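Q: TSV, N, CA and C atoms, file upload_9.tsv:
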chain	number	residue	atom	x	y	z
A	1	MET	N	-42.39	-27.19	-6.27
A	1	MET	CA	-40.96	-27.27	-6.09
A	1	MET	C	-40.37	-25.90	-5.78
A	2	VAL	N	-40.89	-24.88	-6.42
A	2	VAL	CA	-40.39	-23.53	-6.20
A	2	VAL	C	-40.70	-23.08	-4.79
A	3	SER	N	-41.85	-23.44	-4.28
A	3	SER	CA	-42.26	-23.00	-2.95
A	3	SER	C	-41.37	-23.61	-1.86
A	4	ARG	N	-40.76	-24.75	-2.13
A	4	ARG	CA	-39.90	-25.39	-1.15
A	4	ARG	C	-38.54	-24.68	-1.08
A	5	LYS	N	-38.06	-24.12	-2.20
A	5	LYS	CA	-36.77	-23.43	-2.22
A	5	LYS	C	-36.86	-22.02	-1.66
A	6	LEU	N	-38.04	-21.42	-1.70
A	6	LEU	CA	-38.20	-20.05	-1.25
A	6	LEU	C	-37.80	-19.85	0.21
A	7	PRO	N	-38.23	-20.70	1.14
A	7	PRO	CA	-37.79	-20.51	2.54
A	7	PRO	C	-36.27	-20.66	2.70
A	8	LEU	N	-35.65	-21.55	1.93
A	8	LEU	CA	-34.21	-21.73	2.03
A	8	LEU	C	-33.48	-20.49	1.54
A	9	ILE	N	-33.97	-19.91	0.46
A	9	ILE	CA	-33.36	-18.69	-0.06
A	9	ILE	C	-33.54	-17.55	0.93
A	10	THR	N	-34.71	-17.46	1.54
A	10	THR	CA	-34.98	-16.41	2.52
A	10	THR	C	-34.07	-16.56	3.74
A	11	ILE	N	-33.90	-17.78	4.20
A	11	ILE	CA	-33.03	-18.02	5.35
A	11	ILE	C	-31.58	-17.70	5.00
A	12	ALA	N	-31.14	-18.08	3.80
A	12	ALA	CA	-29.77	-17.80	3.39
A	12	ALA	C	-29.54	-16.29	3.28
A	13	ALA	N	-30.50	-15.57	2.73
A	13	ALA	CA	-30.37	-14.12	2.61
A	13	ALA	C	-30.32	-13.47	3.99
A	14	ALA	N	-31.15	-13.94	4.90
A	14	ALA	CA	-31.15	-13.39	6.27
A	14	ALA	C	-29.83	-13.65	6.96
A	15	MET	N	-29.24	-14.81	6.76
A	15	MET	CA	-27.96	-15.14	7.38
A	15	MET	C	-26.84	-14.26	6.80
A	16	MET	N	-26.90	-13.98	5.51
A	16	MET	CA	-25.89	-13.12	4.90
A	16	MET	C	-26.00	-11.70	5.43
A	17	LEU	N	-27.22	-11.21	5.62
A	17	LEU	CA	-27.40	-9.87	6.16
A	17	LEU	C	-26.92	-9.78	7.60
A	18	MET	N	-27.16	-10.82	8.37
A	18	MET	CA	-26.70	-10.84	9.76
A	18	MET	C	-25.17	-10.87	9.83
A	19	ALA	N	-24.54	-11.62	8.93
A	19	ALA	CA	-23.08	-11.68	8.90
A	19	ALA	C	-22.50	-10.33	8.50
A	20	ALA	N	-23.17	-9.65	7.57
A	20	ALA	CA	-22.68	-8.33	7.13
A	20	ALA	C	-22.74	-7.33	8.28
A	21	THR	N	-23.77	-7.36	9.09
A	21	THR	CA	-23.85	-6.43	10.21
A	21	THR	C	-22.87	-6.80	11.32
A	22	ALA	N	-22.50	-8.06	11.42
A	22	ALA	CA	-21.54	-8.47	12.45
A	22	ALA	C	-20.14	-7.93	12.15
A	23	PHE	N	-19.82	-7.78	10.87
A	23	PHE	CA	-18.49	-7.30	10.49
A	23	PHE	C	-18.52	-5.84	10.03
A	24	ALA	N	-19.56	-5.13	10.34
A	24	ALA	CA	-19.67	-3.73	9.93
A	24	ALA	C	-18.65	-2.88	10.66
A	25	GLN	N	-18.18	-1.83	10.00
A	25	GLN	CA	-17.21	-0.93	10.61
A	25	GLN	C	-17.93	0.01	11.57
A	26	THR	N	-17.22	0.39	12.61
A	26	THR	CA	-17.78	1.31	13.59
A	26	THR	C	-16.84	2.49	13.77
A	27	ASP	N	-17.39	3.60	14.16
A	27	ASP	CA	-16.61	4.82	14.40
A	27	ASP	C	-16.08	4.78	15.83
A	28	PRO	N	-14.74	4.88	16.02
A	28	PRO	CA	-14.20	4.83	17.37
A	28	PRO	C	-14.45	6.11	18.17
A	29	GLY	N	-14.87	7.17	17.50
A	29	GLY	CA	-15.15	8.42	18.20
A	29	GLY	C	-13.90	9.28	18.32
A	30	VAL	N	-13.98	10.26	19.16
A	30	VAL	CA	-12.87	11.19	19.36
A	30	VAL	C	-11.74	10.47	20.09
A	31	GLN	N	-10.52	10.63	19.58
A	31	GLN	CA	-9.36	9.98	20.19
A	31	GLN	C	-8.83	10.86	21.31
A	32	ALA	N	-8.51	10.26	22.44
A	32	ALA	CA	-8.11	11.01	23.63
A	32	ALA	C	-6.66	11.48	23.58
A	33	ALA	N	-5.77	10.65	23.09
A	33	ALA	CA	-4.35	10.99	23.15
A	33	ALA	C	-3.82	11.36	21.77
A	34	SER	N	-2.64	11.93	21.77
A	34	SER	CA	-1.98	12.26	20.50
A	34	SER	C	-1.57	10.97	19.80
A	35	ARG	N	-1.82	10.91	18.51
A	35	ARG	CA	-1.50	9.71	17.73
A	35	ARG	C	-0.18	9.84	16.99
A	36	GLY	N	0.54	10.93	17.20
A	36	GLY	CA	1.82	11.11	16.53
A	36	GLY	C	1.65	11.55	15.08
A	37	ALA	N	0.50	12.11	14.77
A	37	ALA	CA	0.26	12.56	13.41
A	37	ALA	C	1.18	13.73	13.09
A	38	GLY	N	1.67	13.75	11.86
A	38	GLY	CA	2.55	14.83	11.43
A	38	GLY	C	4.01	14.57	11.71
A	39	GLN	N	4.31	13.45	12.31
A	39	GLN	CA	5.71	13.10	12.59
A	39	GLN	C	6.28	12.31	11.42
A	40	PRO	N	7.59	12.42	11.18
A	40	PRO	CA	8.19	11.67	10.08
A	40	PRO	C	8.22	10.17	10.36
A	41	LEU	N	8.26	9.39	9.29
A	41	LEU	CA	8.39	7.94	9.42
A	41	LEU	C	9.79	7.58	9.92
A	42	ALA	N	9.94	6.36	10.39
A	42	ALA	CA	11.24	5.91	10.92
A	42	ALA	C	12.31	5.98	9.84
A	43	SER	N	11.97	5.66	8.60
A	43	SER	CA	12.96	5.72	7.52
A	43	SER	C	13.39	7.15	7.25
A	44	VAL	N	12.51	8.11	7.50
A	44	VAL	CA	12.85	9.52	7.29
A	44	VAL	C	13.77	10.00	8.40
A	45	THR	N	13.46	9.66	9.64
A	45	THR	CA	14.31	10.11	10.75
A	45	THR	C	15.69	9.45	10.68
A	46	ALA	N	15.78	8.27	10.09
A	46	ALA	CA	17.08	7.62	9.91
A	46	ALA	C	17.82	8.21	8.71
A	47	ASN	N	17.16	9.15	7.99
A	47	ASN	CA	17.71	9.82	6.82
A	47	ASN	C	18.13	8.81	5.75
A	48	ASN	N	17.26	7.82	5.52
A	48	ASN	CA	17.52	6.80	4.53
A	48	ASN	C	16.42	6.82	3.48
A	49	PRO	N	16.61	7.15	2.27
A	49	PRO	CA	17.84	7.53	1.60
A	49	PRO	C	18.32	8.91	2.04
A	50	VAL	N	19.58	9.16	1.83
A	50	VAL	CA	20.20	10.41	2.27
A	50	VAL	C	19.47	11.59	1.65
A	51	GLY	N	19.16	12.60	2.47
A	51	GLY	CA	18.49	13.80	1.99
A	51	GLY	C	17.00	13.80	2.21
A	52	ILE	N	16.43	12.65	2.58
A	52	ILE	CA	14.97	12.57	2.74
A	52	ILE	C	14.51	13.37	3.96
A	53	LEU	N	15.35	13.45	4.99
A	53	LEU	CA	14.98	14.21	6.19
A	53	LEU	C	14.90	15.70	5.87
A	54	ASP	N	15.84	16.21	5.09
A	54	ASP	CA	15.79	17.61	4.68
A	54	ASP	C	14.56	17.88	3.82
A	55	PHE	N	14.23	16.94	2.95
A	55	PHE	CA	13.04	17.05	2.11
A	55	PHE	C	11.78	17.12	2.96
A	56	PHE	N	11.71	16.26	3.99
A	56	PHE	CA	10.55	16.24	4.88
A	56	PHE	C	10.44	17.54	5.65
A	57	ASN	N	11.54	18.00	6.23
A	57	ASN	CA	11.52	19.23	7.02
A	57	ASN	C	11.15	20.44	6.16
A	58	ASP	N	11.61	20.48	4.91
A	58	ASP	CA	11.23	21.56	4.01
A	58	ASP	C	9.73	21.55	3.76
A	59	GLY	N	9.19	20.38	3.51
A	59	GLY	CA	7.74	20.26	3.29
A	59	GLY	C	6.96	20.61	4.54
A	60	LEU	N	7.46	20.22	5.70
A	60	LEU	CA	6.79	20.54	6.96
A	60	LEU	C	6.77	22.05	7.19
A	61	ASP	N	7.88	22.72	6.92
A	61	ASP	CA	7.94	24.19	7.07
A	61	ASP	C	6.97	24.86	6.10
A	62	ARG	N	6.91	24.38	4.87
A	62	ARG	CA	5.99	24.97	3.89
A	62	ARG	C	4.53	24.75	4.29
A	63	PHE	N	4.24	23.60	4.87
A	63	PHE	CA	2.88	23.30	5.29
A	63	PHE	C	2.46	24.18	6.46
A	64	GLN	N	3.34	24.42	7.39
A	64	GLN	CA	3.02	25.19	8.58
A	64	GLN	C	3.04	26.70	8.32
A	65	ASN	N	3.53	27.14	7.18
A	65	ASN	CA	3.59	28.55	6.84
A	65	ASN	C	2.17	29.05	6.55
A	66	VAL	N	1.76	30.08	7.26
A	66	VAL	CA	0.41	30.64	7.08
A	66	VAL	C	0.51	31.78	6.07
A	67	GLU	N	-0.28	31.69	5.03
A	67	GLU	CA	-0.29	32.73	4.01
A	67	GLU	C	-1.67	33.35	3.95
A	68	ALA	N	-1.70	34.67	3.75
A	68	ALA	CA	-2.98	35.39	3.65
A	68	ALA	C	-3.13	35.91	2.22
A	69	VAL	N	-4.36	35.97	1.78
A	69	VAL	CA	-4.63	36.48	0.44
A	69	VAL	C	-5.18	37.88	0.54
Take the structure in this file and express it as structure tokens.
A:
Amino acid sequence: MVSRKLPLITIAAAMMLMAATAFAQTDPGVQAASRGAGQPLASVTANNPVGILDFFNDGLDRFQNVEAV
């Protein structure tokens, strides 16, 4: 009885492995165009809540400031 279930288990395991490789993540590689990274979100540019745009710009200035040790 055990020998009859072994091929079924093997087939089921093989199918699960094949499904896992079908949905595997892939690396898209180097992106050609600018993705808009570093830009504020729409809610920030709309200044909602009030003062968030100033907060963002202050953080952006601090981030871009080059400091030497």
Q: Could you find all residues in chain A that DSSP calls alpha helix (DSSP H) from the backbone, and write them as a ChimeraX atom specification?
A: /A:2-22,42-45,52-64
Q: List as a short mmCIF file (atom, residue, chain, number, x, y, z; two decimals) with N, CA and C atoms, in the coordinates of the input the protein and nucleic acid residues near A:Gln39, meaning an atom at most 12 Å away when only C-alpha atoms are counted, but skip any in the same chain fewer than 2 places from it.
A:
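around.cif written:
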data_model
loop_
_atom_site.label_atom_id
_atom_site.label_comp_id
_atom_site.auth_asym_id
_atom_site.auth_seq_id
_atom_site.Cartn_x
_atom_site.Cartn_y
_atom_site.Cartn_z
N SER A 34 -2.64 11.93 21.77
CA SER A 34 -1.98 12.26 20.50
C SER A 34 -1.57 10.97 19.80
N ARG A 35 -1.82 10.91 18.51
CA ARG A 35 -1.50 9.71 17.73
C ARG A 35 -0.18 9.84 16.99
N GLY A 36 0.54 10.93 17.20
CA GLY A 36 1.82 11.11 16.53
C GLY A 36 1.65 11.55 15.08
N ALA A 37 0.50 12.11 14.77
CA ALA A 37 0.26 12.56 13.41
C ALA A 37 1.18 13.73 13.09
N LEU A 41 8.26 9.39 9.29
CA LEU A 41 8.39 7.94 9.42
C LEU A 41 9.79 7.58 9.92
N ALA A 42 9.94 6.36 10.39
CA ALA A 42 11.24 5.91 10.92
C ALA A 42 12.31 5.98 9.84
N SER A 43 11.97 5.66 8.60
CA SER A 43 12.96 5.72 7.52
C SER A 43 13.39 7.15 7.25
N VAL A 44 12.51 8.11 7.50
CA VAL A 44 12.85 9.52 7.29
C VAL A 44 13.77 10.00 8.40
N THR A 45 13.46 9.66 9.64
CA THR A 45 14.31 10.11 10.75
C THR A 45 15.69 9.45 10.68
N LEU A 53 15.35 13.45 4.99
CA LEU A 53 14.98 14.21 6.19
C LEU A 53 14.90 15.70 5.87
N PHE A 56 11.71 16.26 3.99
CA PHE A 56 10.55 16.24 4.88
C PHE A 56 10.44 17.54 5.65
N ASN A 57 11.54 18.00 6.23
CA ASN A 57 11.52 19.23 7.02
C ASN A 57 11.15 20.44 6.16
N GLY A 59 9.19 20.38 3.51
CA GLY A 59 7.74 20.26 3.29
C GLY A 59 6.96 20.61 4.54
N LEU A 60 7.46 20.22 5.70
CA LEU A 60 6.79 20.54 6.96
C LEU A 60 6.77 22.05 7.19
#
Q: Could you work out an axis-aligned bounding box for all listed atoms of stretch 33-45 of chain A, with 8 Å added on each of the six sides, and give its centre and edge lengths in Å to one decimal, as lines of an AutoDock Vina configuration file?
A:
center_x = 5.0
center_y = 10.2
center_z = 15.2
size_x = 37.5
size_y = 25.2
size_z = 31.9
Q: How far is it from atom CA of A:Gly51 to atom C of A:Phe63, in Å with one decimal?
A: 19.6 Å
Q: Where atoms are missing, can you supply all heavy atoms for stretch 25-36 of chain A and output the lot as an mmCIF file, keeping the file's coordinate frame?
A:
data_model
loop_
_atom_site.group_PDB
_atom_site.id
_atom_site.type_symbol
_atom_site.label_atom_id
_atom_site.label_comp_id
_atom_site.auth_asym_id
_atom_site.auth_seq_id
_atom_site.Cartn_x
_atom_site.Cartn_y
_atom_site.Cartn_z
ATOM 1 N N GLN A 25 -18.180 -1.830 10.000
ATOM 2 C CA GLN A 25 -17.210 -0.930 10.610
ATOM 3 C C GLN A 25 -17.930 0.010 11.570
ATOM 4 O O GLN A 25 -19.067 0.371 11.352
ATOM 5 C CB GLN A 25 -16.489 -0.129 9.540
ATOM 6 C CG GLN A 25 -15.674 -0.993 8.611
ATOM 7 C CD GLN A 25 -15.039 -0.186 7.509
ATOM 8 O OE1 GLN A 25 -15.243 1.014 7.411
ATOM 9 N NE2 GLN A 25 -14.256 -0.827 6.681
ATOM 10 N N THR A 26 -17.220 0.390 12.610
ATOM 11 C CA THR A 26 -17.780 1.310 13.590
ATOM 12 C C THR A 26 -16.840 2.490 13.770
ATOM 13 O O THR A 26 -15.636 2.385 13.557
ATOM 14 C CB THR A 26 -17.992 0.623 14.949
ATOM 15 O OG1 THR A 26 -16.741 0.127 15.396
ATOM 16 C CG2 THR A 26 -18.991 -0.518 14.843
ATOM 17 N N ASP A 27 -17.390 3.600 14.160
ATOM 18 C CA ASP A 27 -16.610 4.820 14.400
ATOM 19 C C ASP A 27 -16.080 4.780 15.830
ATOM 20 O O ASP A 27 -16.847 4.683 16.778
ATOM 21 C CB ASP A 27 -17.500 6.040 14.191
ATOM 22 C CG ASP A 27 -16.752 7.347 14.340
ATOM 23 O OD1 ASP A 27 -15.515 7.315 14.424
ATOM 24 O OD2 ASP A 27 -17.404 8.400 14.355
ATOM 25 N N PRO A 28 -14.740 4.880 16.020
ATOM 26 C CA PRO A 28 -14.200 4.830 17.370
ATOM 27 C C PRO A 28 -14.450 6.110 18.170
ATOM 28 O O PRO A 28 -14.241 6.133 19.373
ATOM 29 C CB PRO A 28 -12.706 4.610 17.155
ATOM 30 C CG PRO A 28 -12.439 5.187 15.821
ATOM 31 C CD PRO A 28 -13.698 4.961 15.013
ATOM 32 N N GLY A 29 -14.870 7.170 17.500
ATOM 33 C CA GLY A 29 -15.150 8.420 18.200
ATOM 34 C C GLY A 29 -13.900 9.280 18.320
ATOM 35 O O GLY A 29 -12.874 9.027 17.698
ATOM 36 N N VAL A 30 -13.980 10.260 19.160
ATOM 37 C CA VAL A 30 -12.870 11.190 19.360
ATOM 38 C C VAL A 30 -11.740 10.470 20.090
ATOM 39 O O VAL A 30 -11.951 9.800 21.088
ATOM 40 C CB VAL A 30 -13.336 12.422 20.172
ATOM 41 C CG1 VAL A 30 -12.177 13.353 20.448
ATOM 42 C CG2 VAL A 30 -14.445 13.141 19.436
ATOM 43 N N GLN A 31 -10.520 10.630 19.580
ATOM 44 C CA GLN A 31 -9.360 9.980 20.190
ATOM 45 C C GLN A 31 -8.830 10.860 21.310
ATOM 46 O O GLN A 31 -8.679 12.068 21.153
ATOM 47 C CB GLN A 31 -8.281 9.750 19.130
ATOM 48 C CG GLN A 31 -8.769 8.938 17.949
ATOM 49 C CD GLN A 31 -9.183 7.533 18.327
ATOM 50 O OE1 GLN A 31 -8.453 6.839 19.037
ATOM 51 N NE2 GLN A 31 -10.346 7.111 17.877
ATOM 52 N N ALA A 32 -8.510 10.260 22.440
ATOM 53 C CA ALA A 32 -8.110 11.010 23.630
ATOM 54 C C ALA A 32 -6.660 11.480 23.580
ATOM 55 O O ALA A 32 -6.341 12.578 23.996
ATOM 56 C CB ALA A 32 -8.334 10.154 24.869
ATOM 57 N N ALA A 33 -5.770 10.650 23.090
ATOM 58 C CA ALA A 33 -4.350 10.990 23.150
ATOM 59 C C ALA A 33 -3.820 11.360 21.770
ATOM 60 O O ALA A 33 -4.459 11.131 20.760
ATOM 61 C CB ALA A 33 -3.577 9.787 23.693
ATOM 62 N N SER A 34 -2.640 11.930 21.770
ATOM 63 C CA SER A 34 -1.980 12.260 20.500
ATOM 64 C C SER A 34 -1.570 10.970 19.800
ATOM 65 O O SER A 34 -1.025 10.061 20.404
ATOM 66 C CB SER A 34 -0.741 13.108 20.765
ATOM 67 O OG SER A 34 -0.034 13.308 19.575
ATOM 68 N N ARG A 35 -1.820 10.910 18.510
ATOM 69 C CA ARG A 35 -1.500 9.710 17.730
ATOM 70 C C ARG A 35 -0.180 9.840 16.990
ATOM 71 O O ARG A 35 0.178 8.984 16.217
ATOM 72 C CB ARG A 35 -2.618 9.424 16.738
ATOM 73 C CG ARG A 35 -3.945 9.143 17.375
ATOM 74 C CD ARG A 35 -3.880 7.819 18.066
ATOM 75 N NE ARG A 35 -5.205 7.390 18.465
ATOM 76 C CZ ARG A 35 -5.424 6.646 19.507
ATOM 77 N NH1 ARG A 35 -4.432 6.274 20.260
ATOM 78 N NH2 ARG A 35 -6.635 6.279 19.813
ATOM 79 N N GLY A 36 0.540 10.930 17.200
ATOM 80 C CA GLY A 36 1.820 11.110 16.530
ATOM 81 C C GLY A 36 1.650 11.550 15.080
ATOM 82 O O GLY A 36 2.533 11.341 14.270
#
